[in-house]
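S.K.: Below is the file run_29.txt, which contains compact mmCIF, C-alpha atoms.
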# COMPACT_ATOMS: atom_id res chain seq x y z
CA MET A 4 -25.86 22.09 -6.95
CA THR A 5 -22.11 22.46 -7.24
CA ALA A 6 -22.47 25.99 -8.57
CA SER A 7 -24.45 27.27 -5.60
CA ARG A 8 -22.02 25.91 -2.99
CA LEU A 9 -18.87 26.99 -4.81
CA SER A 10 -20.28 30.39 -5.71
CA HIS A 11 -21.58 30.88 -2.18
CA ALA A 12 -18.19 30.12 -0.69
CA ILE A 13 -16.47 32.59 -3.01
CA GLU A 14 -19.10 35.33 -2.81
CA THR A 15 -19.14 35.28 1.00
CA GLY A 16 -15.36 35.53 1.12
CA ALA A 17 -14.95 32.19 2.84
CA LEU A 18 -12.97 30.77 -0.09
CA ALA A 19 -10.56 32.54 -2.44
CA LEU A 20 -9.28 30.79 -5.55
CA PRO A 21 -5.67 31.50 -6.60
CA ASP A 22 -5.20 34.55 -8.85
CA GLU A 23 -3.05 32.60 -11.32
CA GLY A 24 -2.62 29.06 -12.57
CA ARG A 25 -4.92 26.34 -13.80
CA VAL A 26 -7.64 24.91 -11.61
CA ALA A 27 -8.70 21.28 -12.06
CA VAL A 28 -12.22 19.98 -11.57
CA PHE A 29 -12.63 16.25 -11.03
CA GLY A 30 -15.99 14.81 -12.06
CA PRO A 31 -17.89 17.96 -13.12
CA PRO A 32 -21.43 17.44 -14.47
CA GLY A 33 -22.06 18.70 -17.97
CA ASP A 34 -24.07 21.70 -16.76
CA ILE A 35 -21.71 22.86 -14.01
CA ASP A 36 -21.46 26.61 -13.45
CA LEU A 37 -17.79 27.63 -13.47
CA SER A 38 -18.30 31.35 -13.96
CA ALA A 39 -16.08 32.10 -10.95
CA LEU A 40 -13.01 32.05 -13.22
CA PRO A 41 -12.32 32.61 -16.92
CA ARG A 42 -12.95 29.47 -18.96
CA GLU A 43 -9.31 29.09 -19.98
CA ARG A 44 -8.20 28.63 -16.38
CA TRP A 45 -10.26 25.49 -15.82
CA HIS A 46 -9.06 21.98 -16.64
CA LEU A 47 -11.90 19.48 -16.36
CA ILE A 48 -11.27 15.80 -15.58
CA GLN A 49 -14.31 13.83 -16.65
CA PRO A 50 -14.15 10.14 -17.69
CA PHE A 51 -17.92 9.90 -18.34
CA ALA A 52 -18.46 10.41 -22.07
CA PRO A 53 -21.80 12.31 -22.05
CA ASP A 54 -20.63 14.90 -19.52
CA HIS A 55 -17.20 15.09 -21.16
CA ALA A 56 -18.81 15.85 -24.53
CA ALA A 57 -21.16 18.45 -23.04
CA LEU A 58 -18.31 20.26 -21.32
CA ALA A 59 -16.09 20.18 -24.40
CA ALA A 60 -18.97 21.59 -26.46
CA ARG A 61 -19.09 24.53 -24.03
CA GLY A 62 -15.45 25.29 -24.82
CA PHE A 63 -13.74 23.89 -21.73
CA GLU A 64 -10.45 22.02 -21.91
CA CYS A 65 -11.29 18.46 -20.89
CA ALA A 66 -9.34 15.30 -20.16
CA THR A 67 -9.96 11.88 -18.67
CA VAL A 68 -6.89 11.93 -16.42
CA PRO A 69 -5.29 14.87 -14.59
CA ALA A 70 -2.11 16.71 -15.42
CA THR A 71 0.13 18.19 -12.71
CA GLY A 72 0.93 21.56 -11.21
CA TYR A 73 -2.59 22.83 -10.63
CA ALA A 74 -2.98 25.97 -8.55
CA ALA A 75 -6.12 24.46 -7.00
CA SER A 76 -8.48 21.54 -7.54
CA LEU A 77 -12.17 20.97 -7.03
CA VAL A 78 -13.50 17.43 -6.53
CA VAL A 79 -17.19 16.86 -7.19
CA LEU A 80 -18.09 13.73 -5.26
CA PRO A 81 -19.43 10.90 -7.42
CA ARG A 82 -21.92 8.25 -6.37
CA ALA A 83 -19.19 5.68 -5.62
CA ARG A 84 -17.20 6.49 -2.49
CA ASP A 85 -14.07 4.62 -3.60
CA ARG A 86 -13.93 6.65 -6.80
CA GLY A 87 -14.41 9.85 -4.81
CA GLU A 88 -11.55 8.93 -2.50
CA ALA A 89 -9.35 8.12 -5.50
CA TRP A 90 -10.15 11.52 -7.04
CA ILE A 91 -9.28 13.33 -3.80
CA ALA A 92 -5.94 11.53 -3.66
CA ALA A 93 -5.27 12.33 -7.33
CA ALA A 94 -6.22 15.97 -6.81
CA GLU A 95 -3.92 16.28 -3.80
CA GLU A 96 -1.04 14.73 -5.75
CA ALA A 97 -1.53 17.08 -8.73
CA THR A 98 -2.16 20.32 -6.81
CA GLN A 99 0.13 22.91 -5.26
CA GLY A 100 -2.57 24.82 -3.38
CA PRO A 101 -6.06 24.22 -2.01
CA VAL A 102 -8.04 21.06 -2.71
CA ILE A 103 -11.78 21.74 -2.54
CA VAL A 104 -14.26 18.91 -2.10
CA GLU A 105 -17.96 19.34 -2.82
CA GLY A 106 -20.91 16.98 -2.47
CA ALA A 107 -24.49 16.46 -1.47
CA LYS A 108 -25.44 14.76 1.77
CA THR A 109 -26.73 11.83 -0.29
CA ASP A 110 -23.24 11.50 -1.80
CA GLY A 111 -21.72 10.99 1.65
CA ILE A 112 -20.12 14.39 2.14
CA ASP A 113 -20.60 14.32 5.92
CA ALA A 114 -18.81 10.99 6.33
CA LEU A 115 -16.04 12.22 4.06
CA ILE A 116 -15.50 15.38 6.09
CA LYS A 117 -15.28 13.27 9.23
CA ALA A 118 -12.69 11.01 7.60
CA ALA A 119 -10.73 13.98 6.25
CA ARG A 120 -10.51 15.66 9.68
CA LYS A 121 -8.49 12.67 10.92
CA ARG A 122 -5.90 13.28 8.20
CA VAL A 123 -5.63 16.99 7.51
CA ALA A 124 -6.57 20.42 8.85
CA ILE A 125 -9.87 21.53 7.31
CA GLU A 126 -9.32 25.18 6.44
CA GLY A 127 -12.91 26.07 5.67
CA GLN A 128 -16.36 24.67 5.17
CA VAL A 129 -19.71 25.91 3.87
CA ALA A 130 -23.13 24.28 3.84
CA LYS A 131 -25.78 25.01 1.25
CA ALA A 132 -28.43 23.27 -0.83
CA HIS A 133 -28.44 19.98 1.12
CA GLY A 134 -24.71 19.58 0.82
CA LYS A 135 -21.34 20.88 1.90
CA LEU A 136 -18.05 22.12 0.51
CA PHE A 137 -14.74 22.03 2.38
CA TRP A 138 -11.10 22.57 1.54
CA PHE A 139 -7.58 21.86 2.72
CA THR A 140 -4.04 22.52 1.50
CA ALA A 141 -2.56 19.77 -0.65
CA GLY A 142 0.14 17.65 0.93
CA ASP A 143 0.42 13.89 1.21
CA ALA A 144 -2.37 13.12 3.67
CA PHE A 145 -4.43 11.01 1.28
CA ALA A 146 -1.70 9.01 -0.42
CA ASP A 147 -3.23 5.71 0.73
CA TRP A 148 -6.45 6.62 -1.10
CA ARG A 149 -4.66 6.41 -4.44
CA ARG A 150 -6.03 3.43 -6.30
CA ILE A 151 -5.16 1.58 -9.45
CA PRO A 152 -7.16 -1.10 -11.27
CA THR A 153 -6.90 -4.48 -9.56
CA ALA A 154 -8.09 -8.00 -10.30
CA ASN A 155 -11.46 -8.97 -8.83
CA ALA A 156 -12.55 -12.39 -7.56
CA GLU A 157 -12.84 -13.80 -11.09
CA GLY A 158 -9.51 -12.34 -12.20
CA PHE A 159 -10.91 -9.46 -14.25
CA LEU A 160 -9.19 -6.08 -13.95
CA THR A 161 -11.56 -3.45 -12.53
CA ALA A 162 -11.20 0.17 -11.44
CA PRO A 163 -12.64 1.89 -8.34
CA GLY A 164 -16.17 3.11 -8.86
CA THR A 165 -16.92 1.03 -11.93
CA PHE A 166 -20.10 -1.03 -12.04
CA SER A 167 -19.84 -4.37 -10.22
CA ALA A 168 -16.12 -3.94 -9.68
CA ASP A 169 -15.92 -6.64 -7.00
CA GLY A 170 -17.16 -9.44 -9.24
CA VAL A 171 -19.38 -10.47 -12.12
CA ASP A 172 -22.86 -8.98 -11.82
CA PRO A 173 -25.41 -11.80 -11.26
CA ALA A 174 -27.76 -10.37 -13.90
CA SER A 175 -24.96 -10.26 -16.46
CA ALA A 176 -24.02 -13.83 -15.60
CA ALA A 177 -27.62 -14.97 -16.11
CA LEU A 178 -27.79 -13.15 -19.44
CA ALA A 179 -24.56 -14.79 -20.58
CA GLU A 180 -25.96 -18.22 -19.78
CA MET A 181 -29.12 -17.48 -21.78
CA LEU A 182 -27.37 -16.27 -24.93
CA PRO A 183 -27.72 -18.69 -27.87
CA GLY A 184 -24.76 -20.51 -29.37
CA ARG A 185 -24.84 -18.31 -32.47
CA LEU A 186 -25.30 -14.57 -32.40
CA GLY A 187 -24.26 -13.63 -35.92
CA PRO A 188 -20.97 -12.24 -37.21
CA VAL A 189 -21.18 -8.75 -35.69
CA VAL A 190 -22.33 -8.08 -32.11
CA ALA A 191 -22.55 -4.90 -30.06
CA ASP A 192 -22.33 -4.86 -26.26
CA LEU A 193 -24.05 -1.67 -25.08
CA GLY A 194 -22.82 -0.58 -21.67
CA ALA A 195 -19.95 -3.07 -21.83
CA GLY A 196 -18.40 -2.09 -18.50
CA TRP A 197 -15.10 -3.84 -17.86
CA GLY A 198 -15.80 -6.49 -20.47
CA TYR A 199 -17.37 -9.56 -18.88
CA LEU A 200 -20.23 -10.00 -21.37
CA ALA A 201 -17.90 -9.38 -24.30
CA THR A 202 -15.71 -12.29 -23.22
CA GLU A 203 -18.80 -14.52 -23.19
CA ILE A 204 -19.95 -13.24 -26.60
CA LEU A 205 -16.55 -13.94 -28.15
CA GLY A 206 -16.90 -17.56 -27.07
CA ARG A 207 -19.93 -18.03 -29.34
CA ALA A 208 -19.50 -19.68 -32.72
CA GLY A 209 -19.22 -17.49 -35.78
CA VAL A 210 -18.57 -14.16 -34.05
CA GLU A 211 -16.23 -12.06 -36.19
CA ARG A 212 -16.37 -8.77 -34.30
CA VAL A 213 -17.69 -7.39 -31.04
CA HIS A 214 -18.16 -3.66 -30.55
CA LEU A 215 -17.84 -2.74 -26.87
CA LEU A 216 -19.55 0.56 -26.09
CA GLU A 217 -18.93 2.07 -22.68
CA ALA A 218 -19.39 5.65 -21.45
CA ASP A 219 -17.05 5.28 -18.45
CA ARG A 220 -13.47 5.64 -19.67
CA ASP A 221 -12.09 3.95 -16.55
CA ALA A 222 -14.26 0.88 -17.16
CA LEU A 223 -13.37 0.80 -20.85
CA ASP A 224 -9.65 0.91 -20.05
CA CYS A 225 -10.20 -2.20 -17.95
CA ALA A 226 -12.18 -3.84 -20.75
CA GLU A 227 -9.27 -3.29 -23.12
CA ALA A 228 -7.07 -5.22 -20.70
CA ASN A 229 -9.63 -7.95 -20.01
CA VAL A 230 -10.74 -8.60 -23.59
CA ASP A 231 -7.50 -9.49 -25.33
CA ASP A 232 -8.96 -10.49 -28.68
CA PRO A 233 -8.36 -8.96 -32.13
CA ARG A 234 -12.08 -9.27 -32.88
CA ALA A 235 -12.92 -6.72 -30.17
CA ALA A 236 -13.42 -3.03 -31.03
CA PHE A 237 -13.61 -0.54 -28.16
CA HIS A 238 -15.68 2.65 -28.23
CA TRP A 239 -15.72 5.33 -25.53
CA ALA A 240 -19.18 6.63 -26.33
CA ASP A 241 -22.72 7.25 -25.18
CA ALA A 242 -24.61 4.27 -26.58
CA ARG A 243 -27.74 6.37 -26.97
CA GLY A 244 -26.23 8.36 -29.84
CA TRP A 245 -23.58 6.00 -31.21
CA ALA A 246 -23.49 5.49 -34.98
CA ALA A 247 -22.54 1.89 -35.73
CA PRO A 248 -19.77 1.58 -38.35
CA GLU A 249 -21.40 -1.51 -39.85
CA PRO A 250 -24.65 -3.49 -39.64
CA ILE A 251 -25.09 -5.16 -36.26
CA ASP A 252 -26.58 -8.65 -36.10
CA THR A 253 -27.12 -8.84 -32.34
CA VAL A 254 -27.09 -6.36 -29.49
CA VAL A 255 -26.41 -7.59 -25.96
CA SER A 256 -26.94 -5.25 -23.03
CA ASN A 257 -27.22 -4.92 -19.27
CA PRO A 258 -28.12 -1.22 -19.47
CA PRO A 259 -27.68 1.29 -16.66
CA PHE A 260 -30.79 2.65 -14.96
CA HIS A 261 -29.39 5.33 -12.67
CA ILE A 262 -28.21 8.90 -13.15
CA GLY A 263 -26.18 9.48 -10.03
CA ARG A 264 -28.30 8.05 -7.22
CA ALA A 265 -31.64 8.66 -8.96
CA PRO A 266 -33.23 5.74 -10.82
CA ASP A 267 -34.11 6.65 -14.40
CA PRO A 268 -35.72 3.91 -16.53
CA ALA A 269 -35.54 6.29 -19.50
CA LEU A 270 -31.88 5.27 -19.82
CA GLY A 271 -32.83 1.67 -20.53
CA ARG A 272 -35.53 2.75 -22.96
CA ALA A 273 -32.99 4.87 -24.80
CA PHE A 274 -30.67 1.86 -25.06
CA ILE A 275 -33.54 -0.16 -26.55
CA ALA A 276 -34.22 2.54 -29.15
CA ALA A 277 -30.51 2.74 -29.99
CA ALA A 278 -30.33 -1.04 -30.42
CA ALA A 279 -33.27 -1.01 -32.83
CA ARG A 280 -31.61 1.67 -34.96
CA MET A 281 -28.28 -0.13 -35.34
CA LEU A 282 -29.54 -3.67 -35.95
CA THR A 283 -30.06 -5.32 -39.30
CA PRO A 284 -33.72 -5.86 -40.30
CA GLN A 285 -33.53 -9.42 -38.92
CA GLY A 286 -31.36 -8.47 -35.96
CA ALA A 287 -31.99 -9.31 -32.32
CA LEU A 288 -31.56 -7.74 -28.89
CA TRP A 289 -30.79 -9.67 -25.70
CA LEU A 290 -31.26 -7.53 -22.60
CA VAL A 291 -31.31 -8.11 -18.84
CA ALA A 292 -33.04 -5.76 -16.43
CA ASN A 293 -34.29 -5.60 -12.87
CA ARG A 294 -37.72 -7.18 -12.61
CA HIS A 295 -39.50 -3.91 -11.75
CA LEU A 296 -38.22 -1.89 -14.71
CA PRO A 297 -40.98 -1.24 -17.29
CA TYR A 298 -39.19 -1.95 -20.57
CA GLU A 299 -41.79 -4.13 -22.30
CA THR A 300 -43.71 -1.26 -23.93
CA ALA A 301 -40.51 0.27 -25.29
CA LEU A 302 -39.50 -3.11 -26.68
CA GLU A 303 -42.88 -3.65 -28.34
CA ASP A 304 -42.71 -0.17 -29.87
CA ALA A 305 -39.26 -0.86 -31.31
CA PHE A 306 -39.44 -4.55 -32.27
CA ARG A 307 -41.92 -6.88 -33.97
CA ASP A 308 -41.11 -9.89 -31.79
CA VAL A 309 -40.71 -9.57 -28.02
CA ALA A 310 -40.54 -12.27 -25.35
CA GLU A 311 -39.29 -12.85 -21.84
CA ALA A 312 -36.66 -15.55 -22.20
CA GLY A 313 -35.84 -16.15 -18.55
CA GLY A 314 -34.97 -14.64 -15.20
CA ASP A 315 -36.04 -14.89 -11.58
CA ARG A 316 -37.64 -12.71 -8.91
CA ARG A 317 -34.76 -10.21 -9.11
CA PHE A 318 -34.40 -9.68 -12.85
CA LYS A 319 -35.71 -10.65 -16.27
CA ILE A 320 -34.02 -11.55 -19.53
CA LEU A 321 -35.77 -10.08 -22.55
CA HIS A 322 -35.36 -11.06 -26.19
CA ALA A 323 -36.53 -8.87 -29.05
CA ALA A 324 -36.09 -9.35 -32.80
CA ARG A 325 -36.86 -7.68 -36.13
CA PRO A 326 -36.65 -3.96 -35.32
CA ARG A 327 -39.46 -1.83 -36.69
CA SER A 328 -37.25 1.13 -37.65
CA SER A 329 -33.80 -0.27 -38.34
CA HIS A 330 -31.48 2.31 -39.89
CA SER A 331 -29.24 -0.51 -41.09
CA THR A 332 -30.71 -1.44 -44.46
CA ARG A 333 -28.25 -4.21 -45.29
CA ALA A 334 -29.11 -7.68 -44.15
CA ARG A 335 -26.48 -10.34 -43.67
CA ALA A 336 -25.93 -12.73 -46.51
Output the file's structure in the form of structure tokens.
M.R.:
Amino acid sequence: MTASRLSHAIETGALALPDEGRVAVFGPPGDIDLSALPRERWHLIQPFAPDHAALAARGFECATVPATGYAASLVVLPRARDRGEAWIAAAEEATQGPVIVEGAKTDGIDALIKAARKRVAIEGQVAKAHGKLFWFTAGDAFADWRRIPTANAEGFLTAPGTFSADGVDPASAALAEMLPGRLGPVVADLGAGWGYLATEILGRAGVERVHLLEADRDALDCAEANVDDPRAAFHWADARGWAAPEPIDTVVSNPPFHIGRAPDPALGRAFIAAAARMLTPQGALWLVANRHLPYETALEDAFRDVAEAGGDRRFKILHAARPRSSHSTRARA
């Protein structure tokens, strides 16, 4: 845990945080222990909506992008190495003192320390709880790790660390091909990423509005650039608790199934339950998932009609209609 490594470094005297000034934390989980300093000294940079909301509810000042002039910064390594490198470069640019980097071995902390040693003097390092924490003084050693969104192979703008940044995900492409010609006037794309499925949905006849829900602010920023259509509405939100502003005729989703590096099929099941709540009584869900993920029971619990519409050995495309517990009582005329 971040708390144990950071606290251990401070308590043993290996690391001393500055006495004054704000301290940034890049990528903190919602339950992070930051008791080492008063709450008002922390500035938390978290683009993932669920963690951002949890931290804000605890009274921390949160943002999705950093400010400048920090006395120190802490980077909590994410799953994606390119996003972690981008955060380190951003922290170095925004900090006037130490930059602290923390991560588990499974997050690649050892390889990162090795890479950092070639660029900067490592001033200290601690190991605890299957991970490490190290720090260096901010300068300009990681300037080439700064990254901005760039166009992928298909011409879509994507940001480092976002899902399938290098190109269209094959499962999403298969789902797009399977979608019917008419989806109804109002469609929601749960876990919209950088917007590929939304562009396909907007090409269907009769679509008046598409709600793109995405928890990753960086991905949603790219979606806003990629989906240049007045019918698109963008929502930085956790799909599991989102309240639809109007009845939804069809939900389309390639839901996530990982929390960090750990697979968690409960995420997909929660997306299914959320879809059932927001759909009209005659509404439908189109979902793609890896073949091994056990979503059929959740679908049968939430919908009256469930069928596998297609797929291959890698993934399956599931279609469900007529939710059992729709909270949207208005049907489309």
S.K.: Give me the residues within 10 Å of region 289-304 of chain A as a PDB file with C-alpha atoms, in the frame of the given file, counting all atoms listed in the file and dropping any in the same chain fewer than 4 places off.
M.R.:
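After the write, around.pdb holds the following:
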ATOM      1  CA  ALA A 174     -27.760 -10.370 -13.900  1.00  0.00           C
ATOM      2  CA  SER A 175     -24.960 -10.260 -16.460  1.00  0.00           C
ATOM      3  CA  ALA A 176     -24.020 -13.830 -15.600  1.00  0.00           C
ATOM      4  CA  ALA A 177     -27.620 -14.970 -16.110  1.00  0.00           C
ATOM      5  CA  LEU A 178     -27.790 -13.150 -19.440  1.00  0.00           C
ATOM      6  CA  ALA A 179     -24.560 -14.790 -20.580  1.00  0.00           C
ATOM      7  CA  MET A 181     -29.120 -17.480 -21.780  1.00  0.00           C
ATOM      8  CA  LEU A 182     -27.370 -16.270 -24.930  1.00  0.00           C
ATOM      9  CA  PRO A 183     -27.720 -18.690 -27.870  1.00  0.00           C
ATOM     10  CA  LEU A 186     -25.300 -14.570 -32.400  1.00  0.00           C
ATOM     11  CA  ASP A 192     -22.330  -4.860 -26.260  1.00  0.00           C
ATOM     12  CA  LEU A 193     -24.050  -1.670 -25.080  1.00  0.00           C
ATOM     13  CA  THR A 253     -27.120  -8.840 -32.340  1.00  0.00           C
ATOM     14  CA  VAL A 254     -27.090  -6.360 -29.490  1.00  0.00           C
ATOM     15  CA  VAL A 255     -26.410  -7.590 -25.960  1.00  0.00           C
ATOM     16  CA  SER A 256     -26.940  -5.250 -23.030  1.00  0.00           C
ATOM     17  CA  ASN A 257     -27.220  -4.920 -19.270  1.00  0.00           C
ATOM     18  CA  PRO A 258     -28.120  -1.220 -19.470  1.00  0.00           C
ATOM     19  CA  PRO A 259     -27.680   1.290 -16.660  1.00  0.00           C
ATOM     20  CA  PHE A 260     -30.790   2.650 -14.960  1.00  0.00           C
ATOM     21  CA  PRO A 266     -33.230   5.740 -10.820  1.00  0.00           C
ATOM     22  CA  ASP A 267     -34.110   6.650 -14.400  1.00  0.00           C
ATOM     23  CA  PRO A 268     -35.720   3.910 -16.530  1.00  0.00           C
ATOM     24  CA  ALA A 269     -35.540   6.290 -19.500  1.00  0.00           C
ATOM     25  CA  GLY A 271     -32.830   1.670 -20.530  1.00  0.00           C
ATOM     26  CA  ARG A 272     -35.530   2.750 -22.960  1.00  0.00           C
ATOM     27  CA  ALA A 273     -32.990   4.870 -24.800  1.00  0.00           C
ATOM     28  CA  PHE A 274     -30.670   1.860 -25.060  1.00  0.00           C
ATOM     29  CA  ILE A 275     -33.540  -0.160 -26.550  1.00  0.00           C
ATOM     30  CA  ALA A 276     -34.220   2.540 -29.150  1.00  0.00           C
ATOM     31  CA  ALA A 278     -30.330  -1.040 -30.420  1.00  0.00           C
ATOM     32  CA  ALA A 279     -33.270  -1.010 -32.830  1.00  0.00           C
ATOM     33  CA  ASP A 308     -41.110  -9.890 -31.790  1.00  0.00           C
ATOM     34  CA  VAL A 309     -40.710  -9.570 -28.020  1.00  0.00           C
ATOM     35  CA  ALA A 310     -40.540 -12.270 -25.350  1.00  0.00           C
ATOM     36  CA  GLU A 311     -39.290 -12.850 -21.840  1.00  0.00           C
ATOM     37  CA  ALA A 312     -36.660 -15.550 -22.200  1.00  0.00           C
ATOM     38  CA  GLY A 313     -35.840 -16.150 -18.550  1.00  0.00           C
ATOM     39  CA  GLY A 314     -34.970 -14.640 -15.200  1.00  0.00           C
ATOM     40  CA  ASP A 315     -36.040 -14.890 -11.580  1.00  0.00           C
ATOM     41  CA  ARG A 316     -37.640 -12.710  -8.910  1.00  0.00           C
ATOM     42  CA  ARG A 317     -34.760 -10.210  -9.110  1.00  0.00           C
ATOM     43  CA  PHE A 318     -34.400  -9.680 -12.850  1.00  0.00           C
ATOM     44  CA  LYS A 319     -35.710 -10.650 -16.270  1.00  0.00           C
ATOM     45  CA  ILE A 320     -34.020 -11.550 -19.530  1.00  0.00           C
ATOM     46  CA  LEU A 321     -35.770 -10.080 -22.550  1.00  0.00           C
ATOM     47  CA  HIS A 322     -35.360 -11.060 -26.190  1.00  0.00           C
ATOM     48  CA  ALA A 323     -36.530  -8.870 -29.050  1.00  0.00           C
ATOM     49  CA  ALA A 324     -36.090  -9.350 -32.800  1.00  0.00           C
ATOM     50  CA  PRO A 326     -36.650  -3.960 -35.320  1.00  0.00           C
ATOM     51  CA  ARG A 327     -39.460  -1.830 -36.690  1.00  0.00           C
ATOM     52  CA  SER A 328     -37.250   1.130 -37.650  1.00  0.00           C
TER      53      SER A 328
END
S.K.: Find the residue from A:Ile251, A:Ile112, A:Ala287, A:Ala226 that sits nearest to Ala154 (chain A); use all atoms listed in the file when measuring.
M.R.: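 For Ala154 (chain A), the nearest of the given residues is A:Ala226.
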S.K.: Using 7 Å as the limit and counting all atoms listed in the file, can you tabulate each residue of region 161-249 of chain A that touches region 46-70 of chain A, with its shortest atom-to-atom distance in Å and the two atoms involved, as a Markdown table?
M.R.:
| residue | atom | partner | partner_atom | distance |
| --- | --- | --- | --- | --- |
| A:Ala218 | CA | A:Ala52 | CA | 4.9 |
| A:Asp219 | CA | A:Phe51 | CA | 4.7 |
| A:Arg220 | CA | A:Pro50 | CA | 5.0 |
| A:Asp221 | CA | A:Pro50 | CA | 6.6 |
| A:Trp239 | CA | A:Ala52 | CA | 6.7 |
| A:Ala240 | CA | A:Ala52 | CA | 5.7 |
| A:Asp241 | CA | A:Pro53 | CA | 6.0 |
S.K.: CA of Arg44 (chain A) and CA of Gly164 (chain A) are how many Å apart?
M.R.: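 Distance between the two atoms: 27.8 Å.
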S.K.: In terms of the shortest atom-to-atom distance over only C-alpha atoms, which of A:Gln99, A:Thr71, A:Gln128, A:Thr283 is closest to Gly187 (chain A)?
M.R.: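 Among A:Gln99, A:Thr71, A:Gln128, A:Thr283, it is A:Thr283 that comes nearest to Gly187 (chain A).
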S.K.: For a quick check of understanding, using only C-alpha atoms, which of A:Ile35, A:Leu200, A:Ala93, A:Ala236 has the smallest distance to Ile151 (chain A)?
M.R.: A:Ala93
S.K.: So which residues fall inside 8 Å of (-8.3, 22.7, -1.6) if we count only C-alpha atoms? Mind giving them as a PDB file with C-alpha atoms, in the coordinates of the input?
M.R.:
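Just written: selection.pdb:
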ATOM      1  CA  ALA A  75      -6.120  24.460  -7.000  1.00  0.00           C
ATOM      2  CA  SER A  76      -8.480  21.540  -7.540  1.00  0.00           C
ATOM      3  CA  LEU A  77     -12.170  20.970  -7.030  1.00  0.00           C
ATOM      4  CA  GLY A 100      -2.570  24.820  -3.380  1.00  0.00           C
ATOM      5  CA  PRO A 101      -6.060  24.220  -2.010  1.00  0.00           C
ATOM      6  CA  VAL A 102      -8.040  21.060  -2.710  1.00  0.00           C
ATOM      7  CA  ILE A 103     -11.780  21.740  -2.540  1.00  0.00           C
ATOM      8  CA  VAL A 104     -14.260  18.910  -2.100  1.00  0.00           C
ATOM      9  CA  PHE A 137     -14.740  22.030   2.380  1.00  0.00           C
ATOM     10  CA  TRP A 138     -11.100  22.570   1.540  1.00  0.00           C
ATOM     11  CA  PHE A 139      -7.580  21.860   2.720  1.00  0.00           C
ATOM     12  CA  THR A 140      -4.040  22.520   1.500  1.00  0.00           C
ATOM     13  CA  ALA A 141      -2.560  19.770  -0.650  1.00  0.00           C
TER      14      ALA A 141
END
S.K.: Counting only C-alpha atoms, what is within 7 Å of Pro152 (chain A), bar same-chain residues fewer than 2 positions away, as a list of chain:residue names?
M.R.: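 Residues meeting the cut-off are A:Arg150, A:Leu160, A:Thr161, A:Ala162, A:Pro163.
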S.K.: Take CA of Thr202 (chain A) and CA of Arg86 (chain A) and report the distance between them in Å, one decimal.
M.R.: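 For CA of Thr202 (chain A) relative to CA of Arg86 (chain A), the distance reads 25.1 Å.
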S.K.: Would you work out the distance separating CA of Gly198 (chain A) from CA of Ala228 (chain A), expressed in Å to one decimal?
M.R.: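 So the two atoms, CA of Gly198 (chain A) and CA of Ala228 (chain A), lie 8.8 Å apart.
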S.K.: When distances are computed from all atoms listed in the file, which of A:Val79, A:Val26, A:Ala144, A:Val171 shows the smallest separation from Glu157 (chain A)?
M.R.: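 Looking at the shortest contact to Glu157 (chain A), the residue is A:Val171.
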S.K.: Please return, as number ranges by chain, all polymer residues that have at least one atom within 12 Å of the point (-19.3, 31.7, -3.6); use all atoms listed in the file and the file's own coordinate frame.
M.R.: A: 5-20, 36-40, 128-131, 136
S.K.: From the options A:Asp232, A:Glu88, A:Glu249, A:Glu126, which residue's atoms come nearest to Glu203 (chain A), counting all atoms listed in the file?
M.R.: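 Ranked by minimum distance to Glu203 (chain A), first place goes to A:Asp232.
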S.K.: Just checking: using all atoms listed in the file, which residue out of A:Met281, A:Val230, A:Ile125, A:Ala222 ends up closest to Ile204 (chain A)?
M.R.: A:Val230
S.K.: Can you give me N, CA and C atoms for region 20-28 of chain A, written as a PDB file, in the frame of the given file?
M.R.:
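File produced: result_25.pdb:
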ATOM      1  N   LEU A  20     -10.060  31.589  -4.612  1.00  0.00           N
ATOM      2  CA  LEU A  20      -9.280  30.790  -5.550  1.00  0.00           C
ATOM      3  C   LEU A  20      -8.000  31.535  -5.916  1.00  0.00           C
ATOM      4  N   PRO A  21      -6.933  30.840  -6.235  1.00  0.00           N
ATOM      5  CA  PRO A  21      -5.670  31.500  -6.600  1.00  0.00           C
ATOM      6  C   PRO A  21      -5.852  32.461  -7.778  1.00  0.00           C
ATOM      7  N   ASP A  22      -5.094  33.547  -7.784  1.00  0.00           N
ATOM      8  CA  ASP A  22      -5.200  34.550  -8.850  1.00  0.00           C
ATOM      9  C   ASP A  22      -4.614  34.051 -10.170  1.00  0.00           C
ATOM     10  N   GLU A  23      -3.707  33.099 -10.106  1.00  0.00           N
ATOM     11  CA  GLU A  23      -3.050  32.600 -11.320  1.00  0.00           C
ATOM     12  C   GLU A  23      -3.007  31.074 -11.291  1.00  0.00           C
ATOM     13  N   GLY A  24      -2.792  30.501 -12.466  1.00  0.00           N
ATOM     14  CA  GLY A  24      -2.620  29.060 -12.570  1.00  0.00           C
ATOM     15  C   GLY A  24      -3.922  28.349 -12.919  1.00  0.00           C
ATOM     16  N   ARG A  25      -3.761  27.126 -13.429  1.00  0.00           N
ATOM     17  CA  ARG A  25      -4.920  26.340 -13.800  1.00  0.00           C
ATOM     18  C   ARG A  25      -5.573  25.702 -12.587  1.00  0.00           C
ATOM     19  N   VAL A  26      -6.874  25.532 -12.673  1.00  0.00           N
ATOM     20  CA  VAL A  26      -7.640  24.910 -11.610  1.00  0.00           C
ATOM     21  C   VAL A  26      -8.334  23.678 -12.197  1.00  0.00           C
ATOM     22  N   ALA A  27      -8.097  22.528 -11.587  1.00  0.00           N
ATOM     23  CA  ALA A  27      -8.700  21.280 -12.060  1.00  0.00           C
ATOM     24  C   ALA A  27     -10.047  21.070 -11.399  1.00  0.00           C
ATOM     25  N   VAL A  28     -10.939  20.425 -12.128  1.00  0.00           N
ATOM     26  CA  VAL A  28     -12.220  19.980 -11.570  1.00  0.00           C
ATOM     27  C   VAL A  28     -12.366  18.501 -11.895  1.00  0.00           C
TER      28      VAL A  28
END
